[in-house]
>>> print(open('structure-v3.pdb').read())   # PDB, C-alpha atoms
ATOM      1  CA  MET A   1     133.538  21.636 332.002  1.00  0.00           C
ATOM      2  CA  PRO A   2     137.274  20.874 331.968  1.00  0.00           C
ATOM      3  CA  LYS A   3     138.494  18.499 329.324  1.00  0.00           C
ATOM      4  CA  ILE A   4     139.423  15.063 330.652  1.00  0.00           C
ATOM      5  CA  SER A   5     142.948  14.016 329.822  1.00  0.00           C
ATOM      6  CA  ARG A   6     143.514  11.029 327.601  1.00  0.00           C
ATOM      7  CA  TYR A   7     144.382   9.020 330.690  1.00  0.00           C
ATOM      8  CA  ARG A   8     142.187   9.085 333.756  1.00  0.00           C
ATOM      9  CA  THR A   9     142.506   7.418 337.121  1.00  0.00           C
ATOM     10  CA  LEU A  10     139.744   4.975 337.942  1.00  0.00           C
ATOM     11  CA  GLU A  11     138.102   5.948 341.226  1.00  0.00           C
ATOM     12  CA  ALA A  12     137.172   3.538 344.007  1.00  0.00           C
ATOM     13  CA  ALA A  13     133.534   4.682 343.908  1.00  0.00           C
ATOM     14  CA  GLU A  14     133.186   3.445 340.347  1.00  0.00           C
ATOM     15  CA  ALA A  15     133.428  -0.218 341.378  1.00  0.00           C
ATOM     16  CA  ASP A  16     130.681  -1.848 343.405  1.00  0.00           C
ATOM     17  CA  SER A  17     129.963  -5.341 344.686  1.00  0.00           C
ATOM     18  CA  SER A  18     127.412  -6.082 341.935  1.00  0.00           C
ATOM     19  CA  GLY A  19     130.122  -6.979 339.423  1.00  0.00           C
ATOM     20  CA  ARG A  20     129.594  -3.743 337.544  1.00  0.00           C
ATOM     21  CA  LEU A  21     131.924  -0.815 337.022  1.00  0.00           C
ATOM     22  CA  ALA A  22     130.553   2.655 336.312  1.00  0.00           C
ATOM     23  CA  VAL A  23     133.083   4.524 334.204  1.00  0.00           C
ATOM     24  CA  ARG A  24     131.968   8.081 334.848  1.00  0.00           C
ATOM     25  CA  ARG A  25     134.163   9.830 332.305  1.00  0.00           C
ATOM     26  CA  SER A  26     136.686   8.774 329.722  1.00  0.00           C
ATOM     27  CA  LYS A  27     138.593  10.010 326.704  1.00  0.00           C
ATOM     28  CA  THR A  28     135.595   9.201 324.499  1.00  0.00           C
ATOM     29  CA  ASP A  29     132.991  10.413 327.034  1.00  0.00           C
ATOM     30  CA  GLN A  30     134.034  13.960 327.963  1.00  0.00           C
ATOM     31  CA  GLU A  31     130.510  14.929 329.087  1.00  0.00           C
ATOM     32  CA  GLY A  32     130.334  12.156 331.641  1.00  0.00           C
ATOM     33  CA  SER A  33     127.261  10.264 330.446  1.00  0.00           C
ATOM     34  CA  ALA A  34     128.985   7.169 331.885  1.00  0.00           C
ATOM     35  CA  ALA A  35     129.221   3.579 330.786  1.00  0.00           C
ATOM     36  CA  VAL A  36     128.509   0.523 332.875  1.00  0.00           C
ATOM     37  CA  LEU A  37     130.776  -2.461 332.342  1.00  0.00           C
ATOM     38  CA  TYR A  38     130.526  -5.941 333.784  1.00  0.00           C
ATOM     39  CA  LEU A  39     133.629  -7.216 335.549  1.00  0.00           C
ATOM     40  CA  GLY A  40     132.331 -10.341 337.247  1.00  0.00           C
ATOM     41  CA  ARG A  41     132.423 -11.565 340.799  1.00  0.00           C
ATOM     42  CA  PRO A  42     136.053 -12.839 340.853  1.00  0.00           C
ATOM     43  CA  THR A  43     137.348  -9.463 339.651  1.00  0.00           C
ATOM     44  CA  MET A  44     135.144  -7.569 342.077  1.00  0.00           C
ATOM     45  CA  GLU A  45     136.361  -9.775 344.932  1.00  0.00           C
ATOM     46  CA  ARG A  46     139.961  -8.967 343.987  1.00  0.00           C
ATOM     47  CA  ILE A  47     139.132  -5.250 343.874  1.00  0.00           C
ATOM     48  CA  ALA A  48     137.475  -5.457 347.310  1.00  0.00           C
ATOM     49  CA  ALA A  49     140.502  -7.305 348.715  1.00  0.00           C
ATOM     50  CA  TRP A  50     142.829  -4.670 347.236  1.00  0.00           C
ATOM     51  CA  GLN A  51     140.713  -1.847 348.677  1.00  0.00           C
ATOM     52  CA  SER A  52     140.839  -3.469 352.092  1.00  0.00           C
ATOM     53  CA  ALA A  53     144.590  -4.166 351.988  1.00  0.00           C
ATOM     54  CA  ALA A  54     145.385  -0.672 350.677  1.00  0.00           C
ATOM     55  CA  ARG A  55     142.855   0.986 353.003  1.00  0.00           C
ATOM     56  CA  ILE A  56     140.997   2.606 350.124  1.00  0.00           C
ATOM     57  CA  ALA A  57     137.490   3.794 350.943  1.00  0.00           C
ATOM     58  CA  ALA A  58     134.851   1.916 348.976  1.00  0.00           C
ATOM     59  CA  ALA A  59     132.091   4.410 349.741  1.00  0.00           C
ATOM     60  CA  ALA A  60     129.916   5.547 346.854  1.00  0.00           C
ATOM     61  CA  GLU A  61     131.182   9.119 347.206  1.00  0.00           C
ATOM     62  CA  SER A  62     134.885   8.219 347.326  1.00  0.00           C
ATOM     63  CA  ALA A  63     136.997  10.017 344.748  1.00  0.00           C
ATOM     64  CA  GLU A  64     140.146   8.142 345.759  1.00  0.00           C
ATOM     65  CA  PRO A  65     142.188   6.505 342.983  1.00  0.00           C
ATOM     66  CA  LEU A  66     141.647   2.761 342.911  1.00  0.00           C
ATOM     67  CA  PHE A  67     144.980   1.698 341.423  1.00  0.00           C
ATOM     68  CA  ARG A  68     148.045   3.181 343.078  1.00  0.00           C
ATOM     69  CA  ARG A  69     151.797   3.041 343.249  1.00  0.00           C
ATOM     70  CA  ILE A  70     153.329   0.755 345.878  1.00  0.00           C
ATOM     71  CA  ARG A  71     156.717   1.773 347.217  1.00  0.00           C
ATOM     72  CA  ARG A  72     159.321  -0.588 348.619  1.00  0.00           C
ATOM     73  CA  GLY A  73     158.157  -2.194 351.815  1.00  0.00           C
ATOM     74  CA  GLY A  74     154.562  -2.340 350.570  1.00  0.00           C
ATOM     75  CA  HIS A  75     153.758   1.327 351.249  1.00  0.00           C
ATOM     76  CA  VAL A  76     150.675   2.225 349.183  1.00  0.00           C
ATOM     77  CA  GLN A  77     150.770   5.807 347.910  1.00  0.00           C
ATOM     78  CA  PRO A  78     147.665   8.048 347.757  1.00  0.00           C
ATOM     79  CA  GLN A  79     148.154   9.038 344.093  1.00  0.00           C
ATOM     80  CA  GLY A  80     146.810   7.039 341.186  1.00  0.00           C
ATOM     81  CA  LEU A  81     149.124   5.240 338.779  1.00  0.00           C
ATOM     82  CA  SER A  82     150.622   7.343 336.020  1.00  0.00           C
ATOM     83  CA  PRO A  83     150.331   6.280 332.372  1.00  0.00           C
ATOM     84  CA  GLN A  84     154.050   5.448 332.458  1.00  0.00           C
ATOM     85  CA  ALA A  85     153.581   3.208 335.498  1.00  0.00           C
ATOM     86  CA  VAL A  86     150.754   1.321 333.778  1.00  0.00           C
ATOM     87  CA  HIS A  87     152.966   0.904 330.713  1.00  0.00           C
ATOM     88  CA  HIS A  88     155.807  -0.535 332.811  1.00  0.00           C
ATOM     89  CA  ILE A  89     153.468  -2.870 334.728  1.00  0.00           C
ATOM     90  CA  VAL A  90     151.913  -4.243 331.531  1.00  0.00           C
ATOM     91  CA  LYS A  91     155.329  -4.777 329.929  1.00  0.00           C
ATOM     92  CA  ALA A  92     156.705  -6.464 333.071  1.00  0.00           C
ATOM     93  CA  ARG A  93     153.744  -8.844 333.369  1.00  0.00           C
ATOM     94  CA  ALA A  94     153.920  -9.650 329.645  1.00  0.00           C
ATOM     95  CA  THR A  95     157.623 -10.452 329.952  1.00  0.00           C
ATOM     96  CA  GLU A  96     156.986 -12.641 333.017  1.00  0.00           C
ATOM     97  CA  SER A  97     154.296 -14.536 331.116  1.00  0.00           C
ATOM     98  CA  GLY A  98     156.584 -15.164 328.150  1.00  0.00           C
ATOM     99  CA  ALA A  99     154.736 -12.908 325.707  1.00  0.00           C
ATOM    100  CA  ALA A 100     156.916 -12.095 322.728  1.00  0.00           C
ATOM    101  CA  GLY A 101     156.979  -9.023 320.537  1.00  0.00           C
ATOM    102  CA  ARG A 102     155.921  -5.475 321.151  1.00  0.00           C
ATOM    103  CA  VAL A 103     153.588  -5.082 324.123  1.00  0.00           C
ATOM    104  CA  SER A 104     151.777  -1.967 325.306  1.00  0.00           C
ATOM    105  CA  GLY A 105     148.762  -1.068 327.398  1.00  0.00           C
ATOM    106  CA  HIS A 106     146.752  -1.118 324.192  1.00  0.00           C
ATOM    107  CA  SER A 107     147.670  -4.785 323.782  1.00  0.00           C
ATOM    108  CA  LEU A 108     145.103  -5.498 326.508  1.00  0.00           C
ATOM    109  CA  ARG A 109     142.309  -4.019 324.378  1.00  0.00           C
ATOM    110  CA  VAL A 110     143.440  -5.909 321.294  1.00  0.00           C
ATOM    111  CA  GLY A 111     143.717  -9.144 323.276  1.00  0.00           C
ATOM    112  CA  SER A 112     140.313  -8.697 324.881  1.00  0.00           C
ATOM    113  CA  ALA A 113     138.660  -8.234 321.475  1.00  0.00           C
ATOM    114  CA  VAL A 114     140.340 -11.380 320.141  1.00  0.00           C
ATOM    115  CA  SER A 115     139.479 -13.381 323.278  1.00  0.00           C
ATOM    116  CA  MET A 116     135.830 -12.325 323.265  1.00  0.00           C
ATOM    117  CA  VAL A 117     135.365 -13.232 319.591  1.00  0.00           C
ATOM    118  CA  ARG A 118     137.261 -16.508 320.103  1.00  0.00           C
ATOM    119  CA  ARG A 119     134.846 -17.446 322.896  1.00  0.00           C
ATOM    120  CA  GLY A 120     131.797 -16.728 320.721  1.00  0.00           C
ATOM    121  CA  ALA A 121     130.968 -13.060 321.272  1.00  0.00           C
ATOM    122  CA  THR A 122     129.526 -11.207 318.330  1.00  0.00           C
ATOM    123  CA  VAL A 123     131.246  -8.064 317.109  1.00  0.00           C
ATOM    124  CA  SER A 124     128.363  -6.086 318.609  1.00  0.00           C
ATOM    125  CA  GLU A 125     128.858  -7.728 322.015  1.00  0.00           C
ATOM    126  CA  ALA A 126     132.605  -7.086 321.876  1.00  0.00           C
ATOM    127  CA  CYS A 127     131.911  -3.426 321.013  1.00  0.00           C
ATOM    128  CA  GLN A 128     129.692  -3.039 324.065  1.00  0.00           C
ATOM    129  CA  ALA A 129     132.193  -4.718 326.382  1.00  0.00           C
ATOM    130  CA  GLY A 130     135.156  -2.736 325.047  1.00  0.00           C
ATOM    131  CA  ARG A 131     133.215   0.513 324.560  1.00  0.00           C
ATOM    132  CA  TRP A 132     134.030   0.719 320.871  1.00  0.00           C
ATOM    133  CA  GLN A 133     131.538   2.924 319.043  1.00  0.00           C
ATOM    134  CA  SER A 134     131.672   0.817 315.898  1.00  0.00           C
ATOM    135  CA  GLY A 135     132.797  -2.668 314.975  1.00  0.00           C
ATOM    136  CA  ARG A 136     135.651  -1.376 312.815  1.00  0.00           C
ATOM    137  CA  MET A 137     138.416  -1.922 315.378  1.00  0.00           C
ATOM    138  CA  VAL A 138     137.007  -5.216 316.676  1.00  0.00           C
ATOM    139  CA  ASN A 139     136.875  -6.478 313.085  1.00  0.00           C
ATOM    140  CA  ARG A 140     140.468  -5.370 312.581  1.00  0.00           C
ATOM    141  CA  TYR A 141     141.814  -6.802 315.840  1.00  0.00           C
ATOM    142  CA  ALA A 142     139.955 -10.118 315.605  1.00  0.00           C
ATOM    143  CA  ALA A 143     140.069 -10.606 311.828  1.00  0.00           C
ATOM    144  CA  GLY A 144     141.687 -14.045 312.100  1.00  0.00           C
ATOM    145  CA  GLU A 145     139.135 -15.291 314.632  1.00  0.00           C
ATOM    146  CA  ILE A 146     136.232 -13.893 312.623  1.00  0.00           C
ATOM    147  CA  ALA A 147     137.536 -15.515 309.417  1.00  0.00           C
ATOM    148  CA  GLY A 148     137.914 -18.824 311.218  1.00  0.00           C
ATOM    149  CA  ARG A 149     134.223 -18.928 312.027  1.00  0.00           C
ATOM    150  CA  GLY A 150     132.933 -17.112 308.951  1.00  0.00           C
ATOM    151  CA  ALA A 151     130.822 -18.468 306.113  1.00  0.00           C
ATOM    152  CA  VAL A 152     133.635 -20.342 304.349  1.00  0.00           C
ATOM    153  CA  ALA A 153     134.794 -22.024 307.572  1.00  0.00           C
ATOM    154  CA  ARG A 154     131.246 -22.926 308.643  1.00  0.00           C
ATOM    155  CA  LEU A 155     129.644 -23.868 305.353  1.00  0.00           C
ATOM    156  CA  ARG A 156     132.507 -25.305 303.312  1.00  0.00           C
ATOM    157  CA  TYR A 157     134.677 -26.871 305.995  1.00  0.00           C
ATOM    158  CA  LYS A 158     132.170 -27.340 308.844  1.00  0.00           C
ATOM    159  CA  SER A 159     134.434 -25.560 311.374  1.00  0.00           C
TER     160      SER A 159
END
>>> encode(input="structure-v3.pdb", output="structure tokens")
Amino acid sequence: MPKISRYRTLEAAEADSSGRLAVRRSKTDQEGSAAVLYLGRPTMERIAAWQSAARIAAAAESAEPLFRRIRRGGHVQPQGLSPQAVHHIVKARATESGAAGRVSGHSLRVGSAVSMVRRGATVSEACQAGRWQSGRMVNRYAAGEIAGRGAVARLRYKS
């Protein structure tokens, strides 16, 4: 079986209307045992609207890239986004939102770990949602949030 590159294009068939996304293969799942992630109805509705507007087949057998380059004039290209394009999109949206400091595509993973823990997710739940194999990175990324609701904060200061 060919090795999957570090970056892989998400296919239209991997998203369905149930609010779940089947990630068939990834950097950490070369054999393709797949992972199922929950995206939620609002996200799935946006994906469906994008598929309709971009004329991307939503059929279960579709191997078409879901996220694609858009040329001037709104012309959707058939190829998936490159890693460089994703990098530029993330940086542009971060700048527009007023985010300061160094921003990369990985910032989204770090931010999701922090947000999940902030909203009450356990490290185990954050690992499942972010497909981390251990809690090491979640603990590192969300250290401040975890400390703020740890034993000292809860028991000594009633936070």
>>> atom_distance(input="structure-v3.pdb", atom1="CA of Cys127 (chain A)", atom2="CA of Ala113 (chain A)")
8.3 Å
>>> atom_distance(input="structure-v3.pdb", atom1="CA of Ile56 (chain A)", atom2="CA of Val36 (chain A)")
21.4 Å
>>> resolve_selection(input="structure-v3.pdb", expression="the PyMOL selection byres ((chain A and resi 116) around 12)", output="ChimeraX atom specification")
/A:108-115,117-130,138-139,141-142,145-146
>>> closest_residue(input="structure-v3.pdb", among="A:Ala94, A:Ala12, A:Ala85, A:Ala151", to="Arg55 (chain A)", atoms="only C-alpha atoms")
A:Ala12
>>> resolve_selection(input="structure-v3.pdb", expression="the PyMOL selection byres ((chain A and resi 15) around 10)", output="PDB file with C-alpha atoms, keeping the file's coordinate frame")
ATOM      1  CA  LEU A  10     139.744   4.975 337.942  1.00  0.00           C
ATOM      2  CA  GLU A  11     138.102   5.948 341.226  1.00  0.00           C
ATOM      3  CA  ALA A  12     137.172   3.538 344.007  1.00  0.00           C
ATOM      4  CA  ALA A  13     133.534   4.682 343.908  1.00  0.00           C
ATOM      5  CA  GLU A  14     133.186   3.445 340.347  1.00  0.00           C
ATOM      6  CA  ASP A  16     130.681  -1.848 343.405  1.00  0.00           C
ATOM      7  CA  SER A  17     129.963  -5.341 344.686  1.00  0.00           C
ATOM      8  CA  SER A  18     127.412  -6.082 341.935  1.00  0.00           C
ATOM      9  CA  GLY A  19     130.122  -6.979 339.423  1.00  0.00           C
ATOM     10  CA  ARG A  20     129.594  -3.743 337.544  1.00  0.00           C
ATOM     11  CA  LEU A  21     131.924  -0.815 337.022  1.00  0.00           C
ATOM     12  CA  ALA A  22     130.553   2.655 336.312  1.00  0.00           C
ATOM     13  CA  VAL A  23     133.083   4.524 334.204  1.00  0.00           C
ATOM     14  CA  VAL A  36     128.509   0.523 332.875  1.00  0.00           C
ATOM     15  CA  LEU A  37     130.776  -2.461 332.342  1.00  0.00           C
ATOM     16  CA  TYR A  38     130.526  -5.941 333.784  1.00  0.00           C
ATOM     17  CA  LEU A  39     133.629  -7.216 335.549  1.00  0.00           C
ATOM     18  CA  MET A  44     135.144  -7.569 342.077  1.00  0.00           C
ATOM     19  CA  ILE A  47     139.132  -5.250 343.874  1.00  0.00           C
ATOM     20  CA  ALA A  48     137.475  -5.457 347.310  1.00  0.00           C
ATOM     21  CA  ALA A  58     134.851   1.916 348.976  1.00  0.00           C
ATOM     22  CA  ALA A  59     132.091   4.410 349.741  1.00  0.00           C
ATOM     23  CA  ALA A  60     129.916   5.547 346.854  1.00  0.00           C
ATOM     24  CA  LEU A  66     141.647   2.761 342.911  1.00  0.00           C
TER      25      LEU A  66
END
>>> atom_distance(input="structure-v3.pdb", atom1="CA of Val86 (chain A)", atom2="CA of Pro65 (chain A)")
13.6 Å
